[in-house]
>>> print(open('query20.tsv').read())   # TSV, C-alpha atoms and all ligand atoms
chain	number	residue	atom	x	y	z
Y	802	MET	CA	99.98	90.26	125.28
Y	803	GLU	CA	102.64	91.97	127.37
Y	804	TYR	CA	103.27	95.71	127.18
Y	805	VAL	CA	106.09	98.17	127.76
Y	806	THR	CA	105.42	101.64	129.14
Y	807	LEU	CA	107.13	104.40	127.17
Y	808	ASN	CA	108.78	107.43	128.76
Y	809	ASN	CA	105.61	109.49	128.20
Y	810	GLY	CA	103.33	106.88	129.84
Y	811	VAL	CA	101.96	105.39	126.59
Y	812	LYS	CA	101.56	101.59	126.74
Y	813	MET	CA	102.98	99.75	123.72
Y	814	PRO	CA	102.57	96.01	122.96
Y	815	ILE	CA	105.91	94.20	123.21
Y	816	LEU	CA	105.13	92.22	120.05
Y	817	GLY	CA	103.71	93.47	116.77
Y	818	TYR	CA	103.56	92.70	113.07
Y	819	GLY	CA	106.05	94.32	110.66
Y	820	VAL	CA	105.21	94.88	106.99
Y	821	TYR	CA	108.59	95.73	105.42
Y	822	LYS	CA	108.78	94.07	101.98
Y	823	VAL	CA	105.12	93.08	102.15
Y	824	ASN	CA	103.93	93.72	98.61
Y	825	PRO	CA	101.46	96.66	98.59
Y	826	ALA	CA	98.95	94.46	96.71
Y	827	GLU	CA	99.16	91.81	99.43
Y	828	CYS	CA	99.42	94.08	102.46
Y	829	GLU	CA	95.69	94.40	103.20
Y	830	ARG	CA	95.28	90.59	103.24
Y	831	CYS	CA	98.40	90.15	105.39
Y	832	VAL	CA	97.33	92.72	107.99
Y	833	LEU	CA	93.80	91.26	108.10
Y	834	ASP	CA	95.34	87.82	108.71
Y	835	ALA	CA	97.64	89.24	111.36
Y	836	VAL	CA	94.82	91.01	113.20
Y	837	SER	CA	92.61	87.90	113.09
Y	838	ALA	CA	95.59	85.89	114.41
Y	839	GLY	CA	95.65	88.26	117.39
Y	840	TYR	CA	98.15	91.01	116.51
Y	841	ARG	CA	97.10	94.49	117.61
Y	842	PHE	CA	100.28	96.38	116.70
Y	843	ILE	CA	101.32	97.03	113.10
Y	844	ASP	CA	104.65	98.58	112.03
Y	845	THR	CA	104.78	100.22	108.59
Y	846	ALA	CA	106.66	103.15	107.01
Y	847	GLN	CA	106.25	105.70	104.25
Y	848	ALA	CA	109.13	103.97	102.44
Y	849	TYR	CA	107.33	100.59	102.41
Y	850	TYR	CA	104.67	101.96	100.03
Y	851	ASN	CA	102.01	99.87	101.80
Y	852	GLU	CA	100.43	102.32	104.26
Y	853	GLU	CA	97.20	102.19	102.19
Y	854	GLY	CA	97.05	98.41	102.60
Y	855	VAL	CA	97.46	98.78	106.35
Y	856	GLY	CA	94.78	101.50	106.39
Y	857	ASN	CA	92.31	99.40	104.40
Y	858	ALA	CA	92.86	96.46	106.74
Y	859	ILE	CA	92.36	98.46	109.92
Y	860	MET	CA	89.10	99.85	108.48
Y	861	LYS	CA	87.85	96.35	107.63
Y	862	CYS	CA	89.19	94.27	110.52
Y	863	GLY	CA	86.35	95.00	112.95
Y	864	ILE	CA	88.67	95.83	115.84
Y	865	PRO	CA	88.13	99.31	117.38
Y	866	ARG	CA	90.91	101.72	116.44
Y	867	SER	CA	91.57	102.31	120.16
Y	868	GLU	CA	92.61	98.64	120.53
Y	869	LEU	CA	95.17	98.89	117.73
Y	870	PHE	CA	98.67	100.36	117.92
Y	871	LEU	CA	100.01	101.81	114.66
Y	872	THR	CA	103.57	102.83	113.87
Y	873	THR	CA	104.77	104.58	110.73
Y	874	LYS	CA	108.04	106.31	109.87
Y	875	VAL	CA	108.98	109.52	108.07
Y	876	TRP	CA	111.31	108.77	105.14
Y	877	ILE	CA	114.51	110.65	104.24
Y	878	SER	CA	112.88	112.28	101.19
Y	879	ASN	CA	110.29	113.88	103.52
Y	880	ALA	CA	112.88	115.32	105.91
Y	881	GLY	CA	112.66	118.92	107.15
Y	882	TYR	CA	109.88	120.67	109.03
Y	883	GLU	CA	107.49	121.55	106.15
Y	884	LYS	CA	107.86	118.34	104.16
Y	885	ALA	CA	107.67	116.15	107.24
Y	886	LYS	CA	104.54	117.95	108.43
Y	887	ALA	CA	102.83	117.38	105.07
Y	888	SER	CA	104.00	113.76	104.99
Y	889	ILE	CA	102.53	113.04	108.43
Y	890	GLU	CA	99.14	114.25	107.18
Y	891	GLU	CA	99.57	112.09	104.07
Y	892	SER	CA	100.44	109.04	106.18
Y	893	MET	CA	97.34	109.52	108.32
Y	894	ARG	CA	95.21	109.80	105.18
Y	895	LYS	CA	96.68	106.59	103.77
Y	896	LEU	CA	96.38	104.80	107.10
Y	897	ARG	CA	92.75	106.00	107.32
Y	898	THR	CA	93.21	107.18	110.87
Y	899	ASP	CA	93.07	110.51	112.68
Y	900	TYR	CA	95.97	109.64	114.97
Y	901	ILE	CA	99.17	107.61	114.92
Y	902	ASP	CA	100.31	105.75	118.04
Y	903	LEU	CA	104.02	105.92	117.32
Y	904	LEU	CA	105.80	107.98	114.66
Y	905	LEU	CA	109.50	107.42	114.00
Y	906	ILE	CA	112.20	109.14	111.96
Y	907	HIS	CA	113.26	106.29	109.68
Y	908	GLN	CA	116.94	107.18	109.21
Y	909	PRO	CA	119.36	109.61	110.89
Y	910	PHE	CA	120.04	111.52	107.66
Y	911	ASN	CA	118.97	114.76	105.94
Y	912	ASP	CA	117.25	117.44	108.07
Y	913	TYR	CA	116.02	115.14	110.81
Y	914	TYR	CA	115.94	118.00	113.32
Y	915	GLY	CA	113.36	119.74	111.15
Y	916	THR	CA	111.46	116.46	110.92
Y	917	TYR	CA	111.59	116.07	114.67
Y	918	ARG	CA	110.19	119.57	115.25
Y	919	ALA	CA	107.19	118.70	113.06
Y	920	MET	CA	106.76	115.50	115.05
Y	921	GLU	CA	106.98	117.33	118.39
Y	922	GLU	CA	104.32	119.75	117.15
Y	923	ALA	CA	102.05	116.87	116.05
Y	924	CYS	CA	102.58	115.21	119.41
Y	925	ARG	CA	101.62	118.38	121.29
Y	926	ALA	CA	98.59	118.85	119.02
Y	927	GLY	CA	97.47	115.36	120.10
Y	928	TYR	CA	97.43	113.43	116.87
Y	929	ILE	CA	100.63	111.50	117.52
Y	930	ARG	CA	100.74	109.62	120.84
Y	931	ALA	CA	104.50	108.99	120.91
Y	932	ILE	CA	107.50	109.98	118.79
Y	933	GLY	CA	110.85	108.33	118.33
Y	934	VAL	CA	113.58	107.32	115.94
Y	935	SER	CA	114.97	104.38	114.00
Y	936	ASN	CA	118.55	103.46	113.12
Y	937	PHE	CA	119.88	106.11	115.51
Y	938	TYR	CA	123.09	104.65	116.92
Y	939	PRO	CA	124.55	106.03	120.17
Y	940	ASP	CA	126.24	109.11	118.66
Y	941	ARG	CA	123.12	110.35	116.82
Y	942	LEU	CA	120.78	109.33	119.64
Y	943	ILE	CA	122.70	111.27	122.29
Y	944	ASP	CA	122.90	114.33	120.04
Y	945	LEU	CA	119.14	114.27	119.43
Y	946	CYS	CA	118.21	113.63	123.06
Y	947	ARG	CA	120.30	116.62	124.14
Y	948	PHE	CA	118.58	119.21	121.93
Y	949	VAL	CA	114.89	118.31	121.71
Y	950	GLU	CA	111.94	119.24	123.87
Y	951	VAL	CA	109.99	115.97	123.62
Y	952	ALA	CA	112.36	113.10	124.40
Y	953	PRO	CA	112.29	110.27	121.85
Y	954	ALA	CA	110.28	107.38	123.29
Y	955	VAL	CA	111.59	104.56	121.06
Y	956	ASN	CA	114.64	103.67	118.98
Y	957	GLN	CA	114.04	100.91	116.41
Y	958	VAL	CA	117.40	99.40	115.49
Y	959	GLU	CA	118.64	96.16	113.94
Y	960	THR	CA	118.54	93.68	116.82
Y	961	HIS	CA	118.57	89.89	116.74
Y	962	VAL	CA	120.54	87.06	118.33
Y	963	PHE	CA	123.54	87.70	116.05
Y	964	HIS	CA	123.57	91.46	116.71
Y	965	GLN	CA	122.25	92.07	120.19
Y	966	GLN	CA	123.17	95.78	120.54
Y	967	GLU	CA	124.30	95.62	124.16
Y	968	ASP	CA	126.42	98.79	123.94
Y	969	ALA	CA	123.68	100.75	122.16
Y	970	ARG	CA	121.21	99.51	124.77
Y	971	ILE	CA	123.22	101.10	127.57
Y	972	ILE	CA	122.77	104.49	125.89
Y	973	MET	CA	119.07	103.87	125.17
Y	974	ASP	CA	118.51	102.99	128.83
Y	975	ARG	CA	120.45	106.06	129.97
Y	976	TYR	CA	118.11	108.32	127.98
Y	977	HIS	CA	114.96	106.30	128.80
Y	978	VAL	CA	114.45	105.32	125.16
Y	979	GLN	CA	112.63	102.01	124.57
Y	980	HIS	CA	114.70	99.51	122.56
Y	981	GLU	CA	112.73	98.10	119.60
Y	982	SER	CA	114.14	95.42	117.29
Y	983	ARG	CA	113.97	95.69	113.55
Y	984	GLY	CA	114.53	92.40	111.73
Y	985	PRO	CA	114.26	90.05	114.76
Y	986	PHE	CA	115.16	87.10	112.47
Y	987	ALA	CA	117.84	89.03	110.53
Y	988	GLU	CA	115.47	88.44	107.59
Y	989	GLY	CA	116.55	84.78	107.71
Y	990	ARG	CA	120.23	85.56	107.05
Y	991	LYS	CA	123.06	83.53	108.63
Y	992	ASP	CA	120.95	80.33	108.43
Y	993	PHE	CA	118.84	81.84	111.17
Y	994	PHE	CA	116.05	79.26	111.34
Y	995	THR	CA	118.39	76.24	111.29
Y	996	ASN	CA	120.75	77.60	113.93
Y	997	PRO	CA	121.65	74.62	116.18
Y	998	VAL	CA	121.62	76.58	119.47
Y	999	LEU	CA	118.16	78.04	118.81
Y	1000	ASN	CA	116.82	74.67	117.65
Y	1001	GLU	CA	118.26	72.75	120.60
Y	1002	ILE	CA	116.69	75.19	123.07
Y	1003	GLY	CA	113.51	75.04	120.99
Y	1004	GLU	CA	113.30	71.25	121.30
Y	1005	LYS	CA	113.53	71.55	125.08
Y	1006	HIS	CA	110.57	73.96	125.19
Y	1007	GLY	CA	108.55	72.49	122.31
Y	1008	LYS	CA	109.10	75.70	120.29
Y	1009	THR	CA	110.70	76.69	116.97
Y	1010	ALA	CA	113.95	78.61	116.48
Y	1011	ALA	CA	111.87	81.65	115.51
Y	1012	GLN	CA	109.90	81.50	118.77
Y	1013	ILE	CA	113.09	81.10	120.84
Y	1014	ALA	CA	114.65	84.12	119.11
Y	1015	LEU	CA	111.59	86.29	119.79
Y	1016	ARG	CA	111.27	85.08	123.39
Y	1017	TYR	CA	114.93	85.92	124.01
Y	1018	LEU	CA	114.42	89.54	122.93
Y	1019	ILE	CA	111.15	89.85	124.85
Y	1020	GLN	CA	112.85	88.63	128.04
Y	1021	ARG	CA	115.40	91.41	127.49
Y	1022	ASP	CA	112.53	93.95	127.27
Y	1023	VAL	CA	113.06	94.52	123.55
Y	1024	VAL	CA	109.94	95.21	121.47
Y	1025	VAL	CA	109.74	92.85	118.47
Y	1026	ILE	CA	107.90	93.16	115.13
Y	1027	PRO	CA	108.40	89.92	113.15
Y	1028	LYS	CA	107.22	89.88	109.55
Y	1029	SER	CA	105.66	86.96	107.70
Y	1030	VAL	CA	103.22	86.81	104.82
Y	1031	HIS	CA	102.13	83.34	105.98
Y	1032	ARG	CA	99.24	83.04	108.40
Y	1033	GLU	CA	100.67	79.93	110.11
Y	1034	ARG	CA	103.98	81.70	110.80
Y	1035	MET	CA	102.15	84.82	112.02
Y	1036	GLU	CA	100.40	82.58	114.59
Y	1037	GLN	CA	103.65	80.87	115.50
Y	1038	ASN	CA	105.45	84.18	116.02
Y	1039	LEU	CA	102.70	85.38	118.36
Y	1040	ASP	CA	102.74	82.19	120.43
Y	1041	VAL	CA	105.69	83.11	122.65
Y	1042	PHE	CA	104.08	84.01	125.96
Y	1043	ASP	CA	103.52	80.53	127.46
Y	1044	PHE	CA	107.12	79.61	128.29
Y	1045	VAL	CA	110.22	81.14	129.86
Y	1046	LEU	CA	113.87	80.77	128.85
Y	1047	ASP	CA	116.02	79.88	131.86
Y	1048	ASP	CA	119.40	81.39	132.72
Y	1049	GLY	CA	121.28	78.66	130.82
Y	1050	ASP	CA	119.16	79.26	127.69
Y	1051	MET	CA	119.71	83.00	127.94
Y	1052	GLN	CA	123.48	82.59	128.33
Y	1053	ALA	CA	123.71	80.20	125.36
Y	1054	ILE	CA	121.84	82.69	123.14
Y	1055	GLU	CA	123.86	85.62	124.49
Y	1056	ALA	CA	126.97	83.80	123.20
Y	1057	LEU	CA	125.60	83.94	119.61
Y	1058	ASP	CA	126.19	87.71	119.53
Y	1059	GLU	CA	128.63	88.64	116.74
Y	1060	LYS	CA	128.27	92.34	117.60
Y	1061	GLU	CA	127.98	93.42	113.98
Y	1062	SER	CA	125.25	94.03	111.46
Y	1063	ALA	CA	123.96	91.21	109.26
Y	1064	PHE	CA	123.14	93.90	106.66
Y	1065	PHE	CA	125.28	97.05	106.53
Y	1066	SER	CA	126.77	99.70	108.77
Y	1067	HIS	CA	125.23	103.15	109.13
Y	1068	TYR	CA	128.81	104.42	109.51
Y	1069	ASP	CA	129.97	103.06	106.14
Y	1070	PRO	CA	130.30	105.99	103.66
Y	1071	GLU	CA	128.86	103.84	100.84
Y	1072	THR	CA	125.77	103.06	102.91
Y	1073	VAL	CA	125.38	106.72	103.85
Y	1074	GLU	CA	125.74	107.80	100.20
Y	1075	PHE	CA	123.14	105.21	99.20
Y	1076	LEU	CA	120.62	106.24	101.87
Y	1077	THR	CA	121.13	110.00	101.57
Y	1078	GLY	CA	120.58	109.56	97.83
Y	1079	PHE	CA	116.88	109.14	98.66
Y	1080	GLY	CA	116.77	112.66	100.06
Y	1081	ARG	CA	118.01	114.50	96.99
E	1101	LIG	N1	113.41	100.78	110.69
E	1101	LIG	C1	114.01	100.11	109.74
E	1101	LIG	O1	114.92	100.62	109.07
E	1101	LIG	C2	113.57	98.69	109.47
E	1101	LIG	C3	114.34	97.87	108.63
E	1101	LIG	C4	113.93	96.54	108.46
E	1101	LIG	C5	112.80	96.09	109.12
E	1101	LIG	N2	112.06	96.92	109.91
E	1101	LIG	C6	110.81	96.46	110.58
E	1101	LIG	O2	111.05	95.21	111.22
E	1101	LIG	C7	110.14	94.26	110.70
E	1101	LIG	C8	110.74	92.87	110.71
E	1101	LIG	O3	111.93	92.83	109.97
E	1101	LIG	P1	112.05	92.19	108.52
E	1101	LIG	O4	110.72	92.18	107.89
E	1101	LIG	O5	113.13	92.91	107.83
E	1101	LIG	O6	112.55	90.72	108.75
E	1101	LIG	P2	112.38	89.58	109.88
E	1101	LIG	O7	111.11	89.73	110.60
E	1101	LIG	O8	113.66	89.50	110.63
E	1101	LIG	O9	112.34	88.28	108.96
E	1101	LIG	C9	111.33	88.08	108.01
E	1101	LIG	C10	111.67	86.81	107.24
E	1101	LIG	O10	111.52	85.67	108.08
E	1101	LIG	C11	110.55	84.77	107.52
E	1101	LIG	N3	109.79	84.23	108.66
E	1101	LIG	C12	108.95	84.91	109.47
E	1101	LIG	N4	108.50	84.12	110.45
E	1101	LIG	C13	109.05	82.90	110.26
E	1101	LIG	C14	108.96	81.67	110.96
E	1101	LIG	N5	108.21	81.55	112.05
E	1101	LIG	N6	109.67	80.61	110.47
E	1101	LIG	C15	110.43	80.72	109.35
E	1101	LIG	N7	110.56	81.87	108.65
E	1101	LIG	C16	109.87	82.96	109.11
E	1101	LIG	C17	109.72	85.61	106.58
E	1101	LIG	O11	109.25	84.83	105.51
E	1101	LIG	P3	107.71	84.86	105.01
E	1101	LIG	O12	107.25	86.27	105.00
E	1101	LIG	O13	107.81	84.23	103.64
E	1101	LIG	O14	106.95	83.99	105.98
E	1101	LIG	C18	110.76	86.62	106.05
E	1101	LIG	O15	111.54	86.03	105.02
E	1101	LIG	C19	109.83	94.78	109.31
E	1101	LIG	O16	108.72	94.17	108.71
E	1101	LIG	C20	109.69	96.24	109.58
E	1101	LIG	O17	108.43	96.52	110.14
E	1101	LIG	C21	112.43	98.21	110.08
>>> encode(input="query20.tsv", output="structure tokens")
Amino acid sequence: MEYVTLNNGVKMPILGYGVYKVNPAECERCVLDAVSAGYRFIDTAQAYYNEEGVGNAIMKCGIPRSELFLTTKVWISNAGYEKAKASIEESMRKLRTDYIDLLLIHQPFNDYYGTYRAMEEACRAGYIRAIGVSNFYPDRLIDLCRFVEVAPAVNQVETHVFHQQEDARIIMDRYHVQHESRGPFAEGRKDFFTNPVLNEIGEKHGKTAAQIALRYLIQRDVVVIPKSVHRERMEQNLDVFDFVLDDGDMQAIEALDEKESAFFSHYDPETVEFLTGFGR
């Protein structure tokens, strides 16, 4: 495994296992499979309703807690200092752990400053190792970085070969915020796995389109958290450290960038009304 070092010195694996849309009933089995395949970093969220499954798996997996890296995220409905504080305790109870490695604000809506203050406090108290944000695009990220005491360590944003986030990355680098990809395969949209460029490069290296897409992000120092409920794909997605994409490969994949979301825009009023609806 390769690691990135966050702005507070915490070491974070560059590749982990994401559990968005993993059915709560199946989550324990999936995380146990992932850990036995070699994953040591799990990304969940309050809004995924599967923190208990992750917690059960980390209790049963036989790997010391200190060798695992756990991320969860505070949801919009838990925004604000008091609610966020209580929700962090609830997340730790569900995750069956007395500390969280990385805690993120899930969305830049509702009272996220209040949320962030609760996270800073938890960080100072020693039960959160690093704090950060998700879906904070340059405007929100700059605003937050300017007015907080503990700088955000990570920003988890939609990033894949079709939406590479080069402009947002410039701002993340300026504020020493680690770029983490959410949805490294765009959830399979845009015929992701049959893309001719990814498959042609894959044939050259004896790898799949999925592995090429992950390797591309890793070579750009982006943390990736691919999701699969299938053990064989979990293994495949982890097997990306024994080859290197050359300059020609990197340029060909760079040219796939469409510079727009495969899902929705956080600036679209309809999207904002939909997401803020969870906070009412
Ligand atoms: N912060 C946020 O707002 C946010 C939003 C979205 C996601 N995330 C995080 O990012 C993680 C990853 O994103 P995601 O789950 O949305 O989607 P993703 O990882 O981009 O794609 C997952 C899809 O790809 C399929 N897949 C996985 N590996 C494959 C392979 N090797 N070959 C072919 N198909 C493969 C999976 O199918 P099977 O499962 O059937 O194998 C699933 O349909 C999430 O789990 C979550 O932790 C965060």
>>> closest_residue(input="query20.tsv", among="Y:Gln847, Y:Thr916, Y:Gln1012, Y:Asn879", to="ligand LIG 1101 (chain E)", atoms="all atoms listed in the file")
Y:Gln1012
>>> residues_near_ligand(input="query20.tsv", ligand="ligand LIG 1101 (chain E)", cutoff="7 Å", atoms="all atoms listed in the file", output="PyMOL selection string")
chain Y and resi 818-822+844-845+907-908+935-936+957-958+982-989+994+1011-1012+1026-1031+1034-1035+1037-1038
>>> write_last_selection(input="query20.tsv", atoms="C-alpha atoms", output="PDB file, in the coordinates of the input")
ATOM      1  CA  TYR Y 818     103.560  92.700 113.070  1.00  0.00           C
ATOM      2  CA  GLY Y 819     106.050  94.320 110.660  1.00  0.00           C
ATOM      3  CA  VAL Y 820     105.210  94.880 106.990  1.00  0.00           C
ATOM      4  CA  TYR Y 821     108.590  95.730 105.420  1.00  0.00           C
ATOM      5  CA  LYS Y 822     108.780  94.070 101.980  1.00  0.00           C
ATOM      6  CA  ASP Y 844     104.650  98.580 112.030  1.00  0.00           C
ATOM      7  CA  THR Y 845     104.780 100.220 108.590  1.00  0.00           C
ATOM      8  CA  HIS Y 907     113.260 106.290 109.680  1.00  0.00           C
ATOM      9  CA  GLN Y 908     116.940 107.180 109.210  1.00  0.00           C
ATOM     10  CA  SER Y 935     114.970 104.380 114.000  1.00  0.00           C
ATOM     11  CA  ASN Y 936     118.550 103.460 113.120  1.00  0.00           C
ATOM     12  CA  GLN Y 957     114.040 100.910 116.410  1.00  0.00           C
ATOM     13  CA  VAL Y 958     117.400  99.400 115.490  1.00  0.00           C
ATOM     14  CA  SER Y 982     114.140  95.420 117.290  1.00  0.00           C
ATOM     15  CA  ARG Y 983     113.970  95.690 113.550  1.00  0.00           C
ATOM     16  CA  GLY Y 984     114.530  92.400 111.730  1.00  0.00           C
ATOM     17  CA  PRO Y 985     114.260  90.050 114.760  1.00  0.00           C
ATOM     18  CA  PHE Y 986     115.160  87.100 112.470  1.00  0.00           C
ATOM     19  CA  ALA Y 987     117.840  89.030 110.530  1.00  0.00           C
ATOM     20  CA  GLU Y 988     115.470  88.440 107.590  1.00  0.00           C
ATOM     21  CA  GLY Y 989     116.550  84.780 107.710  1.00  0.00           C
ATOM     22  CA  PHE Y 994     116.050  79.260 111.340  1.00  0.00           C
ATOM     23  CA  ALA Y1011     111.870  81.650 115.510  1.00  0.00           C
ATOM     24  CA  GLN Y1012     109.900  81.500 118.770  1.00  0.00           C
ATOM     25  CA  ILE Y1026     107.900  93.160 115.130  1.00  0.00           C
ATOM     26  CA  PRO Y1027     108.400  89.920 113.150  1.00  0.00           C
ATOM     27  CA  LYS Y1028     107.220  89.880 109.550  1.00  0.00           C
ATOM     28  CA  SER Y1029     105.660  86.960 107.700  1.00  0.00           C
ATOM     29  CA  VAL Y1030     103.220  86.810 104.820  1.00  0.00           C
ATOM     30  CA  HIS Y1031     102.130  83.340 105.980  1.00  0.00           C
ATOM     31  CA  ARG Y1034     103.980  81.700 110.800  1.00  0.00           C
ATOM     32  CA  MET Y1035     102.150  84.820 112.020  1.00  0.00           C
ATOM     33  CA  GLN Y1037     103.650  80.870 115.500  1.00  0.00           C
ATOM     34  CA  ASN Y1038     105.450  84.180 116.020  1.00  0.00           C
TER      35      ASN Y1038
END
>>> closest_residue(input="query20.tsv", among="Y:Ile864, Y:Leu945, Y:Leu904, Y:Ala952", to="Y:Ile929", atoms="only C-alpha atoms")
Y:Leu904
>>> closest_residue(input="query20.tsv", among="Y:Leu903, Y:Leu1076, Y:Val951, Y:Val823", to="Y:Ser878", atoms="all atoms listed in the file")
Y:Leu1076
>>> atom_distance(input="query20.tsv", atom1="atom CA of Y:Ala954", atom2="atom CA of Y:Gly927")
15.4 Å
>>> atom_distance(input="query20.tsv", atom1="atom CA of Y:Thr995", atom2="atom CA of Y:Ala1063")
16.1 Å
>>> residues_around(input="query20.tsv", residues="Y:Phe937", least_positions_apart="6", cutoff="12 Å", atoms="only C-alpha atoms", output="MDAnalysis selection string")
chainID Y and resid 905:910 913 943:946 953 955:959 966 969:970 972:973 978 980:981 1066:1068
>>> atom_distance(input="query20.tsv", atom1="atom CA of Y:Asp912", atom2="atom CA of Y:Gly1080")
9.3 Å
>>> closest_residue(input="query20.tsv", among="Y:Leu871, Y:Val855, Y:Ile843, Y:Ile932", to="Y:Asn809", atoms="all atoms listed in the file")
Y:Ile932
>>> axis_aligned_box(input="query20.tsv", around="stretch 926-939 of chain Y", padding_each_side="5 Å", output="lines of an AutoDock Vina configuration file")
center_x = 111.0
center_y = 111.2
center_z = 117.0
size_x = 37.1
size_y = 25.4
size_z = 17.8
>>> closest_residue(input="query20.tsv", among="Y:Gln1020, Y:Asn851, Y:Asn808, Y:Ser867", to="Y:Asn824", atoms="only C-alpha atoms")
Y:Asn851
>>> closest_residue(input="query20.tsv", among="Y:Arg941, Y:Glu1074, Y:Val1025, Y:Asp899", to="Y:Val805", atoms="all atoms listed in the file")
Y:Val1025
>>> closest_atom_pairs(input="query20.tsv", of="stretch 886-910 of chain Y", to="stretch 856-861 of chain Y", cutoff="9 Å", atoms="all atoms listed in the file", output="tab-separated table")
residue	atom	partner	partner_atom	distance
Y:Met893	CA	Y:Gly856	CA	8.6
Y:Arg894	CA	Y:Gly856	CA	8.4
Y:Lys895	CA	Y:Gly856	CA	6.0
Y:Leu896	CA	Y:Gly856	CA	3.7
Y:Arg897	CA	Y:Gly856	CA	5.0
Y:Thr898	CA	Y:Gly856	CA	7.4
>>> residues_around(input="query20.tsv", residues="stretch 1001-1010 of chain Y", least_positions_apart="3", cutoff="12 Å", atoms="all atoms listed in the file", output="PyMOL selection string")
chain Y and resi 962+985-986+989+992-998+1013-1017+1034+1037-1054
>>> residues_near_point(input="query20.tsv", point="(98.5, 103.3, 123.5)", cutoff="9 Å", atoms="all atoms listed in the file", output="compact mmCIF listing (two decimals) with C-alpha atoms, in the frame of the given file")
# COMPACT_ATOMS: atom_id res chain seq x y z
CA GLY Y 810 103.33 106.88 129.84
CA VAL Y 811 101.96 105.39 126.59
CA LYS Y 812 101.56 101.59 126.74
CA MET Y 813 102.98 99.75 123.72
CA PRO Y 814 102.57 96.01 122.96
CA SER Y 867 91.57 102.31 120.16
CA GLU Y 868 92.61 98.64 120.53
CA LEU Y 869 95.17 98.89 117.73
CA PHE Y 870 98.67 100.36 117.92
CA ASP Y 902 100.31 105.75 118.04
CA LEU Y 903 104.02 105.92 117.32
CA ARG Y 930 100.74 109.62 120.84
CA ALA Y 931 104.50 108.99 120.91
>>> decode(input="query20.tsv", residues="stretch 1068-1072 of chain Y", atoms="all heavy atoms", output="PDB file, in the first residue's frame")
ATOM      1  N   TYR Y1068     -23.941  23.628  -7.678  1.00  0.00           N
ATOM      2  CA  TYR Y1068     -24.333  25.026  -7.862  1.00  0.00           C
ATOM      3  C   TYR Y1068     -25.739  25.144  -8.447  1.00  0.00           C
ATOM      4  O   TYR Y1068     -26.268  26.230  -8.578  1.00  0.00           O
ATOM      5  CB  TYR Y1068     -23.328  25.736  -8.770  1.00  0.00           C
ATOM      6  CG  TYR Y1068     -21.957  25.801  -8.159  1.00  0.00           C
ATOM      7  CD1 TYR Y1068     -20.909  25.015  -8.634  1.00  0.00           C
ATOM      8  CD2 TYR Y1068     -21.711  26.633  -7.068  1.00  0.00           C
ATOM      9  CE1 TYR Y1068     -19.657  25.067  -8.059  1.00  0.00           C
ATOM     10  CE2 TYR Y1068     -20.461  26.692  -6.484  1.00  0.00           C
ATOM     11  CZ  TYR Y1068     -19.439  25.903  -6.981  1.00  0.00           C
ATOM     12  OH  TYR Y1068     -18.210  25.955  -6.396  1.00  0.00           O
ATOM     13  N   ASP Y1069     -26.318  24.000  -8.833  1.00  0.00           N
ATOM     14  CA  ASP Y1069     -27.651  23.999  -9.444  1.00  0.00           C
ATOM     15  C   ASP Y1069     -28.704  24.161  -8.334  1.00  0.00           C
ATOM     16  O   ASP Y1069     -28.752  23.347  -7.409  1.00  0.00           O
ATOM     17  CB  ASP Y1069     -27.826  22.661 -10.185  1.00  0.00           C
ATOM     18  CG  ASP Y1069     -29.237  22.470 -10.720  1.00  0.00           C
ATOM     19  OD1 ASP Y1069     -30.053  23.405 -10.605  1.00  0.00           O
ATOM     20  OD2 ASP Y1069     -29.512  21.378 -11.240  1.00  0.00           O
ATOM     21  N   PRO Y1070     -29.555  25.215  -8.414  1.00  0.00           N
ATOM     22  CA  PRO Y1070     -30.539  25.444  -7.345  1.00  0.00           C
ATOM     23  C   PRO Y1070     -31.384  24.211  -7.027  1.00  0.00           C
ATOM     24  O   PRO Y1070     -31.711  23.953  -5.865  1.00  0.00           O
ATOM     25  CB  PRO Y1070     -31.400  26.585  -7.887  1.00  0.00           C
ATOM     26  CG  PRO Y1070     -30.518  27.302  -8.845  1.00  0.00           C
ATOM     27  CD  PRO Y1070     -29.615  26.262  -9.446  1.00  0.00           C
ATOM     28  N   GLU Y1071     -31.737  23.441  -8.052  1.00  0.00           N
ATOM     29  CA  GLU Y1071     -32.561  22.237  -7.802  1.00  0.00           C
ATOM     30  C   GLU Y1071     -31.814  21.229  -6.942  1.00  0.00           C
ATOM     31  O   GLU Y1071     -32.385  20.611  -6.048  1.00  0.00           O
ATOM     32  CB  GLU Y1071     -32.964  21.580  -9.130  1.00  0.00           C
ATOM     33  CG  GLU Y1071     -34.221  22.177  -9.698  1.00  0.00           C
ATOM     34  CD  GLU Y1071     -34.697  21.422 -10.930  1.00  0.00           C
ATOM     35  OE1 GLU Y1071     -34.479  20.205 -11.036  1.00  0.00           O
ATOM     36  OE2 GLU Y1071     -35.281  22.087 -11.800  1.00  0.00           O
ATOM     37  N   THR Y1072     -30.536  21.063  -7.230  1.00  0.00           N
ATOM     38  CA  THR Y1072     -29.700  20.146  -6.433  1.00  0.00           C
ATOM     39  C   THR Y1072     -29.606  20.653  -4.995  1.00  0.00           C
ATOM     40  O   THR Y1072     -29.744  19.889  -4.041  1.00  0.00           O
ATOM     41  CB  THR Y1072     -28.266  20.052  -7.026  1.00  0.00           C
ATOM     42  OG1 THR Y1072     -28.373  19.584  -8.358  1.00  0.00           O
ATOM     43  CG2 THR Y1072     -27.384  19.124  -6.214  1.00  0.00           C
TER      44      THR Y1072
END
